[in-house]
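Visitor: Structure supplied as model-v9.cif; contents: mmCIF, C-alpha atoms (C1' of nucleotides).
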```
data_my_file
#
loop_
_atom_site.group_PDB
_atom_site.id
_atom_site.type_symbol
_atom_site.label_atom_id
_atom_site.label_comp_id
_atom_site.auth_asym_id
_atom_site.auth_seq_id
_atom_site.Cartn_x
_atom_site.Cartn_y
_atom_site.Cartn_z
ATOM 1 C CA MET A 1 -123.005 160.074 73.160
ATOM 2 C CA ALA A 2 -121.218 162.597 75.320
ATOM 3 C CA LYS A 3 -117.572 163.416 75.245
ATOM 4 C CA THR A 4 -115.073 161.292 77.019
ATOM 5 C CA GLY A 5 -114.282 163.231 80.145
ATOM 6 C CA THR A 6 -112.724 160.014 81.224
ATOM 7 C CA ILE A 7 -111.821 157.071 79.101
ATOM 8 C CA ASN A 8 -114.978 155.338 77.895
ATOM 9 C CA TRP A 9 -114.221 151.769 76.978
ATOM 10 C CA SER A 10 -117.778 151.155 75.860
ATOM 11 C CA LYS A 11 -117.347 148.250 73.504
ATOM 12 C CA LYS A 12 -114.528 148.164 70.974
ATOM 13 C CA SER A 13 -112.489 145.419 72.582
ATOM 14 C CA LYS A 14 -109.706 145.914 70.080
ATOM 15 C CA MET A 15 -106.669 148.226 70.073
ATOM 16 C CA GLN A 16 -107.429 149.414 73.561
ATOM 17 C CA SER A 17 -103.764 150.152 74.154
ATOM 18 C CA PHE A 18 -103.743 152.785 71.420
ATOM 19 C CA GLU A 19 -106.759 154.569 72.868
ATOM 20 C CA GLU A 20 -105.137 154.554 76.300
ATOM 21 C CA VAL A 21 -102.029 156.213 74.925
ATOM 22 C CA TYR A 22 -104.094 158.839 73.107
ATOM 23 C CA GLU A 23 -106.006 159.739 76.258
ATOM 24 C CA VAL A 24 -102.819 160.251 78.251
ATOM 25 C CA VAL A 25 -101.086 162.235 75.499
ATOM 26 C CA LYS A 26 -104.138 164.481 75.201
ATOM 27 C CA LEU A 27 -103.774 165.301 78.909
ATOM 28 C CA ILE A 28 -100.278 166.745 78.471
ATOM 29 C CA PRO A 29 -100.519 170.514 79.166
ATOM 30 C CA GLU A 30 -99.135 173.066 76.724
ATOM 31 C CA GLY A 31 -95.525 173.928 77.313
ATOM 32 C CA ARG A 32 -94.910 170.536 78.893
ATOM 33 C CA VAL A 33 -93.593 167.308 77.405
ATOM 34 C CA SER A 34 -93.607 163.647 78.349
ATOM 35 C CA SER A 35 -91.722 160.534 77.349
ATOM 36 C CA TYR A 36 -92.761 157.257 75.803
ATOM 37 C CA GLY A 37 -91.483 155.334 78.788
ATOM 38 C CA ALA A 38 -93.420 157.402 81.319
ATOM 39 C CA ILE A 39 -96.663 156.848 79.443
ATOM 40 C CA ALA A 40 -95.833 153.196 78.917
ATOM 41 C CA LYS A 41 -95.158 152.680 82.588
ATOM 42 C CA TYR A 42 -98.338 154.513 83.535
ATOM 43 C CA LEU A 43 -100.282 152.192 81.265
ATOM 44 C CA SER A 44 -98.257 149.173 82.373
ATOM 45 C CA THR A 45 -97.102 148.447 78.864
ATOM 46 C CA GLY A 46 -93.971 148.611 76.734
ATOM 47 C CA ALA A 47 -92.419 151.869 75.590
ATOM 48 C CA ARG A 48 -92.360 150.702 71.973
ATOM 49 C CA LEU A 49 -96.108 150.300 72.127
ATOM 50 C CA VAL A 50 -96.427 154.022 72.823
ATOM 51 C CA GLY A 51 -94.255 154.816 69.830
ATOM 52 C CA TRP A 52 -96.350 152.483 67.750
ATOM 53 C CA ALA A 53 -99.518 154.221 68.913
ATOM 54 C CA MET A 54 -98.061 157.604 67.979
ATOM 55 C CA ASN A 55 -97.266 156.250 64.565
ATOM 56 C CA ALA A 56 -100.923 155.301 64.238
ATOM 57 C CA ALA A 57 -101.976 158.674 65.684
ATOM 58 C CA HIS A 58 -101.267 160.366 62.359
ATOM 59 C CA GLY A 59 -104.428 162.156 61.345
ATOM 60 C CA LEU A 60 -105.901 162.122 64.841
ATOM 61 C CA HIS A 61 -106.148 165.864 65.543
ATOM 62 C CA ASP A 62 -106.660 165.480 69.291
ATOM 63 C CA VAL A 63 -103.324 163.791 69.831
ATOM 64 C CA PRO A 64 -100.456 166.288 70.403
ATOM 65 C CA ALA A 65 -97.743 163.831 69.430
ATOM 66 C CA HIS A 66 -95.189 166.658 69.317
ATOM 67 C CA ARG A 67 -95.289 166.793 73.115
ATOM 68 C CA VAL A 68 -94.003 163.238 73.366
ATOM 69 C CA VAL A 69 -90.268 162.696 73.107
ATOM 70 C CA ASN A 70 -87.834 160.055 74.279
ATOM 71 C CA ARG A 71 -86.218 159.966 77.712
ATOM 72 C CA ASN A 72 -83.320 162.182 76.555
ATOM 73 C CA GLY A 73 -85.655 164.951 75.467
ATOM 74 C CA ILE A 74 -84.694 164.309 71.854
ATOM 75 C CA LEU A 75 -87.273 164.805 69.113
ATOM 76 C CA THR A 76 -86.837 161.288 67.840
ATOM 77 C CA GLY A 77 -90.117 161.232 65.966
ATOM 78 C CA LYS A 78 -89.716 164.489 64.102
ATOM 79 C CA PHE A 79 -89.229 162.732 60.783
ATOM 80 C CA HIS A 80 -92.635 161.137 61.138
ATOM 81 C CA PHE A 81 -94.440 164.466 60.973
ATOM 82 C CA GLU A 82 -95.545 166.188 57.812
ATOM 83 C CA SER A 83 -92.257 168.036 57.872
ATOM 84 C CA PRO A 84 -88.998 167.258 59.751
ATOM 85 C CA THR A 85 -89.180 170.722 61.301
ATOM 86 C CA LEU A 86 -92.877 170.744 62.204
ATOM 87 C CA MET A 87 -92.409 169.059 65.573
ATOM 88 C CA GLN A 88 -89.842 171.615 66.732
ATOM 89 C CA GLU A 89 -91.966 174.479 65.420
ATOM 90 C CA LEU A 90 -94.993 173.283 67.375
ATOM 91 C CA LEU A 91 -92.996 172.926 70.598
ATOM 92 C CA GLU A 92 -91.323 176.318 70.229
ATOM 93 C CA ALA A 93 -94.762 177.812 69.660
ATOM 94 C CA GLU A 94 -95.641 176.612 73.171
ATOM 95 C CA GLY A 95 -92.587 178.246 74.709
ATOM 96 C CA ILE A 96 -90.291 175.233 74.695
ATOM 97 C CA GLU A 97 -86.650 175.837 73.800
ATOM 98 C CA ILE A 98 -85.010 173.384 71.440
ATOM 99 C CA VAL A 99 -81.391 173.193 70.373
ATOM 100 C CA ALA A 100 -80.133 170.559 67.961
ATOM 101 C CA ASP A 101 -83.385 168.579 68.267
ATOM 102 C CA LYS A 102 -82.883 168.476 72.039
ATOM 103 C CA ILE A 103 -85.354 170.029 74.488
ATOM 104 C CA GLN A 104 -83.798 172.532 76.902
ATOM 105 C CA ASN A 105 -84.840 172.506 80.569
ATOM 106 C CA PHE A 106 -86.216 169.066 79.868
ATOM 107 C CA SER A 107 -86.343 167.965 83.516
ATOM 108 C CA LYS A 108 -88.173 171.213 84.283
ATOM 109 C CA ILE A 109 -91.027 170.879 81.809
ATOM 110 C CA TYR A 110 -91.133 167.109 81.975
ATOM 111 C CA TRP A 111 -94.647 165.832 82.604
ATOM 112 C CA ASP A 112 -95.034 162.403 84.202
ATOM 113 C CA PRO A 113 -98.616 161.013 84.240
ATOM 114 C CA GLN A 114 -97.859 158.854 87.255
ATOM 115 C CA ILE A 115 -96.952 161.972 89.233
ATOM 116 C CA GLU A 116 -99.195 164.666 87.759
ATOM 117 C CA LEU A 117 -102.322 162.507 87.639
ATOM 118 C CA SER A 118 -102.008 160.963 91.068
ATOM 119 C CA LEU A 119 -101.908 164.149 93.102
ATOM 120 C "C1'" DA B 1 -96.312 130.042 66.432
ATOM 121 C "C1'" DC B 2 -91.900 132.227 64.511
ATOM 122 C "C1'" DC B 3 -89.351 136.150 62.583
ATOM 123 C "C1'" DA B 4 -88.592 141.000 61.433
ATOM 124 C "C1'" DT B 5 -89.563 145.809 62.404
ATOM 125 C "C1'" DG B 6 -90.363 150.088 65.120
ATOM 126 C "C1'" DA B 7 -91.583 157.737 67.096
ATOM 127 C "C1'" DC B 8 -88.225 153.145 73.361
ATOM 128 C "C1'" DT B 9 -85.535 152.217 77.747
ATOM 129 C "C1'" DA B 10 -82.152 150.291 81.106
ATOM 130 C "C1'" DT B 11 -77.706 148.869 81.672
ATOM 131 C "C1'" DA B 12 -72.797 148.275 80.698
ATOM 132 C "C1'" DA B 13 -68.482 149.855 78.733
ATOM 133 C "C1'" DC C 1 -72.350 162.180 75.505
ATOM 134 C "C1'" DT C 2 -72.033 157.435 72.195
ATOM 135 C "C1'" DT C 3 -72.234 152.442 71.113
ATOM 136 C "C1'" DA C 4 -73.684 147.841 71.943
ATOM 137 C "C1'" DT C 5 -76.836 144.522 73.995
ATOM 138 C "C1'" DA C 6 -81.004 142.896 75.973
ATOM 139 C "C1'" DG C 7 -85.870 143.562 77.253
ATOM 140 C "C1'" DC C 8 -90.111 145.330 76.090
ATOM 141 C "C1'" DC C 9 -95.153 145.075 73.365
ATOM 142 C "C1'" DA C 10 -98.065 145.166 69.114
ATOM 143 C "C1'" DT C 11 -98.346 144.545 64.103
ATOM 144 C "C1'" DG C 12 -97.588 142.187 59.721
ATOM 145 C "C1'" DG C 13 -95.718 138.536 56.730
#
```
Now that the file is in, can you turn its structure into C-alpha coordinates?
Guide:
Amino acid sequence: MAKTGTINWSKKSKMQSFEEVYEVVKLIPEGRVSSYGAIAKYLSTGARLVGWAMNAAHGLHDVPAHRVVNRNGILTGKFHFESPTLMQELLEAEGIEIVADKIQNFSKIYWDPQIELSL
DNA sequence: ACCATGACTATAA
DNA sequence: CTTATAGCCATGG
(Lines of atoms letter the chains of each structure in order from A and count residues from 1; the text may use other names and numbers.)
(Lines give C-alpha, C1' and ligand atoms only; values in the text may rest on other atoms or scores of the structure.)
Protein backbone atom coordinates (compact mmCIF):
# COMPACT_ATOMS: atom_id res chain seq x y z
CA MET A 1 0.00 0.00 0.00
CA ALA A 2 2.21 2.80 -1.21
CA LYS A 3 1.48 6.46 -1.02
CA THR A 4 -0.69 8.14 -3.55
CA GLY A 5 1.75 9.89 -5.82
CA THR A 6 -1.24 10.22 -8.05
CA ILE A 7 -4.83 9.74 -7.15
CA ASN A 8 -5.52 6.06 -6.49
CA TRP A 9 -9.18 5.33 -6.93
CA SER A 10 -8.72 1.71 -5.93
CA LYS A 11 -12.18 0.79 -4.78
CA LYS A 12 -14.22 3.12 -2.58
CA SER A 13 -16.80 4.12 -5.16
CA LYS A 14 -18.31 6.63 -2.78
CA MET A 15 -17.50 10.29 -2.10
CA GLN A 16 -14.99 10.38 -4.90
CA SER A 17 -15.57 14.09 -5.37
CA PHE A 18 -14.26 14.84 -1.88
CA GLU A 19 -11.08 12.87 -2.46
CA GLU A 20 -10.53 14.68 -5.75
CA VAL A 21 -10.78 18.04 -4.02
CA TYR A 22 -8.37 16.95 -1.30
CA GLU A 23 -5.77 15.83 -3.83
CA VAL A 24 -5.88 19.15 -5.66
CA VAL A 25 -5.80 21.23 -2.47
CA LYS A 26 -2.80 19.24 -1.25
CA LEU A 27 -0.96 20.24 -4.44
CA ILE A 28 -1.22 23.96 -3.69
CA PRO A 29 2.34 25.22 -2.99
CA GLU A 30 3.15 27.23 0.13
CA GLY A 31 2.69 30.93 -0.29
CA ARG A 32 0.10 30.38 -3.00
CA VAL A 33 -3.68 30.23 -2.82
CA SER A 34 -6.49 28.93 -4.99
CA SER A 35 -10.22 29.40 -5.25
CA TYR A 36 -13.16 27.06 -4.92
CA GLY A 37 -14.27 27.80 -8.45
CA ALA A 38 -10.88 27.03 -9.99
CA ILE A 39 -10.75 23.66 -8.28
CA ALA A 40 -14.38 23.00 -9.12
CA LYS A 41 -13.82 23.77 -12.76
CA TYR A 42 -10.70 21.62 -12.85
CA LEU A 43 -12.71 18.74 -11.45
CA SER A 44 -15.70 19.58 -13.66
CA THR A 45 -17.97 20.03 -10.69
CA GLY A 46 -19.77 22.78 -8.79
CA ALA A 47 -17.98 25.32 -6.65
CA ARG A 48 -20.25 24.59 -3.69
CA LEU A 49 -19.09 21.00 -3.79
CA VAL A 50 -15.54 22.18 -3.11
CA GLY A 51 -16.73 24.19 -0.13
CA TRP A 52 -18.64 21.19 1.08
CA ALA A 53 -15.53 19.03 0.76
CA MET A 54 -13.52 21.56 2.76
CA ASN A 55 -16.16 21.46 5.43
CA ALA A 56 -15.67 17.70 5.58
CA ALA A 57 -11.88 18.14 5.47
CA HIS A 58 -11.85 19.11 9.15
CA GLY A 59 -9.45 16.77 10.88
CA LEU A 60 -7.71 15.74 7.67
CA HIS A 61 -4.17 16.99 8.35
CA ASP A 62 -3.01 16.73 4.74
CA VAL A 63 -5.55 19.22 3.48
CA PRO A 64 -4.32 22.85 3.69
CA ALA A 65 -7.81 24.34 3.60
CA HIS A 66 -6.41 27.74 4.58
CA ARG A 67 -4.95 28.06 1.09
CA VAL A 68 -8.40 27.93 -0.47
CA VAL A 69 -10.40 31.15 -0.60
CA ASN A 70 -13.19 32.51 -2.74
CA ARG A 71 -12.71 34.29 -6.06
CA ASN A 72 -12.33 37.68 -4.33
CA GLY A 73 -9.43 36.47 -2.22
CA ILE A 74 -11.60 36.77 0.88
CA LEU A 75 -11.12 34.32 3.74
CA THR A 76 -14.74 33.28 3.66
CA GLY A 77 -14.17 30.05 5.55
CA LYS A 78 -12.18 31.47 8.42
CA PHE A 79 -15.01 30.94 10.88
CA HIS A 80 -14.94 27.24 10.14
CA PHE A 81 -11.45 26.81 11.56
CA GLU A 82 -10.64 26.14 15.18
CA SER A 83 -10.31 29.87 15.62
CA PRO A 84 -11.58 32.76 13.43
CA THR A 85 -8.01 34.05 13.22
CA LEU A 86 -6.26 30.73 12.56
CA MET A 87 -6.72 30.85 8.80
CA GLN A 88 -5.12 34.29 8.50
CA GLU A 89 -2.30 33.29 10.84
CA LEU A 90 -1.49 30.23 8.74
CA LEU A 91 -1.45 32.25 5.50
CA GLU A 92 0.68 35.03 6.97
CA ALA A 93 3.09 32.37 8.19
CA GLU A 94 3.61 31.44 4.53
CA GLY A 95 4.36 35.02 3.53
CA ILE A 96 0.89 36.00 2.36
CA GLU A 97 -0.30 39.50 3.24
CA ILE A 98 -3.85 39.86 4.49
CA VAL A 99 -5.77 43.02 5.25
CA ALA A 100 -9.35 42.96 6.51
CA ASP A 101 -9.68 39.24 5.68
CA LYS A 102 -8.66 40.03 2.09
CA ILE A 103 -5.54 38.57 0.48
CA GLN A 104 -3.16 41.18 -0.97
CA ASN A 105 -1.52 40.56 -4.35
CA PHE A 106 -4.18 37.93 -4.85
CA SER A 107 -3.81 37.74 -8.64
CA LYS A 108 -0.06 37.35 -8.12
CA ILE A 109 -0.10 34.36 -5.79
CA TYR A 110 -3.23 32.86 -7.27
CA TRP A 111 -2.75 29.20 -8.14
CA ASP A 112 -4.99 27.70 -10.83
CA PRO A 113 -4.78 23.88 -11.19
CA GLN A 114 -5.88 24.06 -14.80
CA ILE A 115 -2.88 26.25 -15.59
CA GLU A 116 -0.22 25.06 -13.15
CA LEU A 117 -0.90 21.36 -13.65
CA SER A 118 -1.16 21.39 -17.42
CA LEU A 119 2.22 22.88 -18.19
C1' DA B 1 -38.31 12.64 -5.64
C1' DC B 2 -38.81 17.35 -3.28
C1' DC B 3 -37.10 20.99 -0.22
C1' DA B 4 -33.63 23.41 2.54
C1' DT B 5 -28.81 24.41 3.38
C1' DG B 6 -23.90 25.55 2.40
C1' DA B 7 -16.20 27.49 3.32
C1' DC B 8 -19.27 29.46 -4.31
C1' DT B 9 -19.59 32.00 -8.87
C1' DA B 10 -21.39 34.72 -12.85
C1' DT B 11 -24.12 38.33 -14.10
C1' DA B 12 -26.86 42.54 -13.63
C1' DA B 13 -27.85 46.92 -11.45
C1' DC C 1 -16.92 47.69 -3.88
C1' DT C 2 -22.24 45.88 -2.48
C1' DT C 3 -26.81 43.71 -3.23
C1' DA C 4 -29.91 40.72 -5.57
C1' DT C 5 -30.82 36.76 -8.51
C1' DA C 6 -29.93 32.50 -10.73
C1' DG C 7 -27.04 28.39 -11.46
C1' DC C 8 -24.29 25.04 -9.54
C1' DC C 9 -23.51 20.03 -6.84
C1' DA C 10 -23.77 16.98 -2.70
C1' DT C 11 -25.92 16.01 1.77
C1' DG C 12 -29.74 15.40 4.99
C1' DG C 13 -34.62 15.46 6.40
Visitor: Choose the residue, out of A:Ala47, A:Ala100, A:Ala57, A:Leu90, that has the smallest atom-to-atom separation from chain B; count all atoms listed in the file.
Guide: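 Looking at the shortest contact to chain B, the residue is A:Ala47.
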Visitor: Leaving out Ala65 of chain A and any residue of its chain fewer than 6 positions from it, which residues lie within 10 Å of it when counting all atoms listed in the file, given as a ChimeraX atom specification?
Guide: /A:22,25-26,28,33-34,51,53-55,57-58,77-78,81,87 /B:7
Visitor: Name all residues at most 8 Å from segment 1-12 of chain C (count all atoms listed in the file; drop same-chain ones fewer than 4 positions away) and give them as a PyMOL selection string.
Guide: chain A and resi 45-49+52
Visitor: Pick out the residues sitting within 10 Å of Pro113 of chain A, and hand them over as a PyMOL selection string; count only C-alpha atoms (C1' of nucleotides), and ignore anything fewer than 4 positions along from it in its own chain.
Guide: chain A and resi 24-25+27-28+34-35+38-43+117-119
Visitor: Output C-alpha atoms for every residue in the selection just made, as a short mmCIF file (atom, residue, chain, number, x, y, z; two decimals), keeping the file's coordinate frame.
Guide:
```cif
data_model
loop_
_atom_site.label_atom_id
_atom_site.label_comp_id
_atom_site.auth_asym_id
_atom_site.auth_seq_id
_atom_site.Cartn_x
_atom_site.Cartn_y
_atom_site.Cartn_z
CA VAL A 24 -102.82 160.25 78.25
CA VAL A 25 -101.09 162.24 75.50
CA LEU A 27 -103.77 165.30 78.91
CA ILE A 28 -100.28 166.74 78.47
CA SER A 34 -93.61 163.65 78.35
CA SER A 35 -91.72 160.53 77.35
CA ALA A 38 -93.42 157.40 81.32
CA ILE A 39 -96.66 156.85 79.44
CA ALA A 40 -95.83 153.20 78.92
CA LYS A 41 -95.16 152.68 82.59
CA TYR A 42 -98.34 154.51 83.54
CA LEU A 43 -100.28 152.19 81.26
CA LEU A 117 -102.32 162.51 87.64
CA SER A 118 -102.01 160.96 91.07
CA LEU A 119 -101.91 164.15 93.10
#
```
Visitor: Any idea which chain B residues end up within 8 Å of chain A if we count only C-alpha atoms (C1' of nucleotides), as a ChimeraX atom specification please?
Guide: /B:6-9
Visitor: Using atom CA of Phe18 of chain A and atom CA of Trp111 of chain A as the two end points, give the distance in Å to one decimal.
Guide: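 Distance reported for this atom pair: 19.4 Å.
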Visitor: Find the distance between atom CA of Ser44 of chain A and atom CA of Glu23 of chain A and write it in Å to one decimal.
Guide: 14.5 Å
Visitor: So how many Å separate atom CA of Ile109 of chain A and atom CA of Arg32 of chain A, to one decimal?
Guide: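 Taking atom CA of Ile109 of chain A as the start and atom CA of Arg32 of chain A as the end point, the length is 4.9 Å.
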Visitor: Please evaluate the PyMOL selection byres ((chain B and resi 3) around 12) against the structure above and give the resulting residues as a PyMOL selection string.
Guide: (chain B and resi 1-2+4-5) or (chain C and resi 12-13)
Visitor: Name the residues in contact with segment 95-99 of chain A at a cut-off of 8 Å, using only C-alpha atoms (C1' of nucleotides), excluding same-chain residues fewer than 5 positions from it; report them as JSON, numbers by chain.
Guide: {"A": [31, 32, 88, 104, 105]}
Visitor: With all atoms listed in the file as the basis for distance, which of A:Gln114, A:Asp101, A:Ala56, A:Pro29 is at the shortest distance from chain C?
Guide: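 Comparing A:Gln114, A:Asp101, A:Ala56, A:Pro29 against chain C, the winner is A:Ala56.
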Visitor: Extending 6 Å beyond the listed atoms of segment 2-12 of chain B on each side, what axis-aligned box results? I want centre and edge lengths in Å to one decimal, as AutoDock Vina command-line options.
Guide:
```
--center_x -82.3 --center_y 145.0 --center_z 71.6 --size_x 31.1 --size_y 37.5 --size_z 32.2
```
